[in-house]
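Engineer: Structure in structure tokens, see below.
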Amino acid sequence: MNGSQNEATEETKRTKTNLFSFVIRSLRCFVLGSVLFVPSVVFGQPGGTQMPDPKQMSGMPLPVPDVPVGTVTARVIRGALTNPLTGQTVEMTGGGAVRTAKTDDAGRAIFSGLTPGSRVKMTVVVDGERVESQEFAVPSAGGIRVMLVATDAAIEKKAAEDRKLAEGPAVRGSVVIGGDSRFVIEVGDDALNVFNLLQIVNTAKRPVQTDGPLVFQLPVGAVGAGMMEGSTPAAVAAGSRVTVNGPFAPGNTIVQFGYSIPLGADEIVLAQKLPAPITQVSVVAQKVGGLQFSSPQVIERREMPADGQTFIVGQGGAVKAGDTLTFKLTGLPHRSVWPRNIALFLSAVILAGGAWGAMRNSATPGQSARRGQLQARRDRLFGELAALETQRRKGTIESPTYASRRADLVTSLEALYADLE
């Protein structure tokens, strides 16, 4: 049995790898599609793409083709791109003698005539604060731009205040599903695989506790629901729903889950009520054969090639909390259902025959009691195995302990099933 379990585990890993690869390809396709659609990115607004923090980019060399070979420009700013510092002395070390240059009105110090391949480093001291770049090689084609960002006391003070608020107690409030969320649909061999890649956005500076958990009720026919890697541990998939418990920290909370809808009909409708408003609907669907996609919430859609496949990329506007998001797919590959119906009928006949035989040959009272004890023990072992898997997923149990305990439980279950038989 161990061999069979290992094979099943490896097959599960391969399946997950394929699914994640598909999601990555789909998102890459979506990014390409978004360029062709009407721009929807709004800087500095909830659900949109935020402006990058210059401090995080400080000292990172950026190769640029429009700068002459052997040239490096270092721009000095304080806190924000709109605050360049003039008259600052930038020092370049490496590549020979130490060189210095003053920043101009745009905050740039220019070093030219450098030898390609030489390794250099930029440094500036602003009001006693030393800011350095990474060491980098002068390229043989184009030049380098680097930004040196000095601390802005006001910005740092505000950031410290925001961090303090973020670490405080939660307050009553609401959240939205951000515009960077995606719905990705893949057509598998036997099922439609659907991935919800969501960002729950709290625009407040404090943690927010909603009136209740966010519950995503999955569409009719959904099976195999599960959380994906990278999701918040506060999200749990169970049965036909995914529940996300608060409080929600300021910023984005990642919730990613997937499920499958067995194929068998030409048409499948995915209807999912939203527990929170979504600022923008974005969908990527793999097109197989004559598949067509439609949705009352998707205004724009087009087909796009990527990695030798075709994807339907769609975008729509905002949808209110409590409204139902509906995706309709037609032209799906499907098989005739009569073989399945015959198999189900034969299975029912066999089960009925078995039940009749069991009634004719009922066990003795002692055997019934023994079977009841074994079944109760089986349920207990399954409960312990489920709890063990939960500990592993949450990272509250060490790998050697998990592996040893799981092996013991599986061995006990094998022996128990032998007794039942």
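Naming scheme: A, B, ... for chains in displayed order of the structure tokens; residues 1 onward per chain; ligands 1 onward as shown.
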For range 136-253 of chain A versus range 388-398 of chain A, which residues have an atom no more than 12 Å away, and what is each residue's nearest atom pair and distance in Å rounded to one decimal, using only C-alpha atoms, chain-then-number order, as a tab-separated table?

Structural biologist:
```
residue	atom	partner	partner_atom	distance
A:Gly226	CA	A:Arg393	CA	11.9
A:Met227	CA	A:Arg393	CA	10.5
A:Met228	CA	A:Arg393	CA	11.3
A:Glu229	CA	A:Arg393	CA	10.3
A:Gly230	CA	A:Arg393	CA	11.9
A:Ser231	CA	A:Arg393	CA	11.6
A:Thr232	CA	A:Lys394	CA	10.6
A:Pro233	CA	A:Lys394	CA	7.3
A:Ala234	CA	A:Lys394	CA	10.2
A:Ala235	CA	A:Lys394	CA	11.4
A:Val236	CA	A:Thr390	CA	10.6
A:Ala237	CA	A:Thr390	CA	11.9
```

Engineer: Could you list, as a list of chain:residue names, every residue within 7 Å of Val175 in chain A, counting only C-alpha atoms and ignoring same-chain residues fewer than 6 positions away?

Structural biologist: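 So the residues in contact are A:Ile200, A:Val201, A:Asn202, A:Ala276.
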
Engineer: Find the spatial neighbours of Glu267 in chain A, counting only C-alpha atoms, within a cut-off of 12 Å - ignore same-chain residues fewer than 3 positions away - and output them as a PDB file with C-alpha atoms, in the first residue's frame.

Structural biologist:
```
ATOM      1  CA  LEU A 192     -13.530  22.497 -15.701  1.00  0.00           C
ATOM      2  CA  ILE A 261     -16.844  21.248 -12.224  1.00  0.00           C
ATOM      3  CA  PRO A 262     -17.103  17.787 -13.872  1.00  0.00           C
ATOM      4  CA  LEU A 263     -17.597  17.956 -17.631  1.00  0.00           C
ATOM      5  CA  GLY A 264     -20.602  16.208 -19.136  1.00  0.00           C
ATOM      6  CA  LEU A 270     -20.691  29.375 -12.925  1.00  0.00           C
ATOM      7  CA  GLY A 290     -15.448  25.936 -30.072  1.00  0.00           C
ATOM      8  CA  LEU A 291     -15.704  27.146 -26.486  1.00  0.00           C
ATOM      9  CA  GLN A 292     -17.465  30.478 -26.034  1.00  0.00           C
ATOM     10  CA  PHE A 293     -17.565  32.677 -22.928  1.00  0.00           C
ATOM     11  CA  SER A 294     -20.167  35.238 -21.858  1.00  0.00           C
ATOM     12  CA  PHE A 327     -19.824  33.143 -16.148  1.00  0.00           C
ATOM     13  CA  LYS A 328     -21.397  31.081 -18.934  1.00  0.00           C
ATOM     14  CA  LEU A 329     -19.289  28.682 -21.011  1.00  0.00           C
ATOM     15  CA  THR A 330     -20.733  26.930 -24.059  1.00  0.00           C
ATOM     16  CA  GLY A 331     -19.242  24.579 -26.628  1.00  0.00           C
ATOM     17  CA  LEU A 332     -17.479  22.561 -23.928  1.00  0.00           C
ATOM     18  CA  PRO A 333     -16.091  19.128 -24.791  1.00  0.00           C
ATOM     19  CA  HIS A 334     -18.415  16.468 -23.415  1.00  0.00           C
TER      20      HIS A 334
END
```

Engineer: Write out as number ranges by chain all residues of range 146-272 of chain A that backbone DSSP assigns to strand (DSSP E or B).

Structural biologist: A: 146-150, 171-172, 176-177, 182-187, 191-202, 208-209, 214-217, 223-227, 235-238, 241-244, 248, 251-262, 267-272

Engineer: In Å, rounded to a single decimal, give me how far CA of Gly87 in chain A is from CA of Val64 in chain A.

Structural biologist: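 Separating CA of Val64 in chain A from CA of Gly87 in chain A is a distance of 24.4 Å.
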
Engineer: Check the smallest atom-to-atom distance from each of A:Ser368, A:Thr279, A:Thr324, A:Asn196 to Phe257 in chain A using only C-alpha atoms, then report the winner.

Structural biologist: A:Asn196

Engineer: I want to know what sits within 12 Å of Ala153 in chain A, based on only C-alpha atoms, with residues of the same chain fewer than 3 positions away left out; could you give that as a ChimeraX atom specification?

Structural biologist: /A:78-80,127,129,150,156-160

Engineer: Suppose we keep N, CA, C and O atoms; can you now write the selection as a PDB file, in the first residue's frame?

Structural biologist:
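Result file is selection_13.pdb:
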```
ATOM      1  N   ARG A  78      15.064  63.033  -1.685  1.00  0.00           N
ATOM      2  CA  ARG A  78      14.730  62.870  -0.281  1.00  0.00           C
ATOM      3  C   ARG A  78      13.290  62.346  -0.184  1.00  0.00           C
ATOM      4  O   ARG A  78      12.332  63.082  -0.417  1.00  0.00           O
ATOM      5  N   GLY A  79      13.156  61.075   0.093  1.00  0.00           N
ATOM      6  CA  GLY A  79      11.843  60.486   0.350  1.00  0.00           C
ATOM      7  C   GLY A  79      10.995  60.211  -0.868  1.00  0.00           C
ATOM      8  O   GLY A  79      10.452  59.129  -1.014  1.00  0.00           O
ATOM      9  N   ALA A  80      10.844  61.177  -1.778  1.00  0.00           N
ATOM     10  CA  ALA A  80       9.933  61.031  -2.910  1.00  0.00           C
ATOM     11  C   ALA A  80      10.584  61.523  -4.192  1.00  0.00           C
ATOM     12  O   ALA A  80      11.508  62.342  -4.176  1.00  0.00           O
ATOM     13  N   ASP A 127      22.855  65.205   5.078  1.00  0.00           N
ATOM     14  CA  ASP A 127      22.581  65.574   6.472  1.00  0.00           C
ATOM     15  C   ASP A 127      23.038  64.493   7.442  1.00  0.00           C
ATOM     16  O   ASP A 127      22.322  64.117   8.379  1.00  0.00           O
ATOM     17  N   GLU A 129      23.402  61.350   6.888  1.00  0.00           N
ATOM     18  CA  GLU A 129      22.936  60.007   6.530  1.00  0.00           C
ATOM     19  C   GLU A 129      23.696  59.513   5.306  1.00  0.00           C
ATOM     20  O   GLU A 129      23.694  60.165   4.259  1.00  0.00           O
ATOM     21  N   ALA A 150      17.473  59.476   0.245  1.00  0.00           N
ATOM     22  CA  ALA A 150      17.698  59.859   1.641  1.00  0.00           C
ATOM     23  C   ALA A 150      16.366  59.839   2.392  1.00  0.00           C
ATOM     24  O   ALA A 150      15.296  59.976   1.799  1.00  0.00           O
ATOM     25  N   GLU A 156       8.923  59.240   7.251  1.00  0.00           N
ATOM     26  CA  GLU A 156       9.223  58.167   8.193  1.00  0.00           C
ATOM     27  C   GLU A 156       8.330  58.261   9.428  1.00  0.00           C
ATOM     28  O   GLU A 156       7.884  57.244   9.962  1.00  0.00           O
ATOM     29  N   LYS A 157       8.065  59.464   9.887  1.00  0.00           N
ATOM     30  CA  LYS A 157       7.196  59.636  11.047  1.00  0.00           C
ATOM     31  C   LYS A 157       5.789  59.140  10.740  1.00  0.00           C
ATOM     32  O   LYS A 157       5.162  58.440  11.547  1.00  0.00           O
ATOM     33  N   LYS A 158       5.297  59.508   9.549  1.00  0.00           N
ATOM     34  CA  LYS A 158       3.957  59.058   9.161  1.00  0.00           C
ATOM     35  C   LYS A 158       3.920  57.543   9.022  1.00  0.00           C
ATOM     36  O   LYS A 158       2.945  56.890   9.417  1.00  0.00           O
ATOM     37  N   ALA A 159       4.984  56.948   8.454  1.00  0.00           N
ATOM     38  CA  ALA A 159       5.034  55.493   8.299  1.00  0.00           C
ATOM     39  C   ALA A 159       5.021  54.803   9.659  1.00  0.00           C
ATOM     40  O   ALA A 159       4.367  53.777   9.850  1.00  0.00           O
ATOM     41  N   ALA A 160       5.746  55.383  10.625  1.00  0.00           N
ATOM     42  CA  ALA A 160       5.769  54.819  11.979  1.00  0.00           C
ATOM     43  C   ALA A 160       4.384  54.896  12.617  1.00  0.00           C
ATOM     44  O   ALA A 160       3.939  53.953  13.289  1.00  0.00           O
TER      45      ALA A 160
END
```

Engineer: Rounded to one decimal in Å, what is the spacing between CA of Arg99 in chain A and CA of Val67 in chain A?

Structural biologist: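 One can read the CA of Arg99 in chain A to CA of Val67 in chain A distance as 19.2 Å.
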
Engineer: Where does DSSP see alpha helix (DSSP H) in range 80-328 of chain A, if you list the residues as a ChimeraX atom specification?

Structural biologist: /A:153-166

Engineer: Have a look at A:Ser412, A:Asn245, A:Thr100, A:Gln272 and name the one nearest to Phe183 in chain A; count only C-alpha atoms.

Structural biologist: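 Looking only at the distances to Phe183 in chain A, the closest residue turns out to be A:Gln272.
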
Engineer: In Å, rounded to a single decimal, give me how far CA of Pro207 in chain A is from CA of Pro54 in chain A.

Structural biologist: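 About the pair CA of Pro54 in chain A and CA of Pro207 in chain A: they are 25.4 Å apart.
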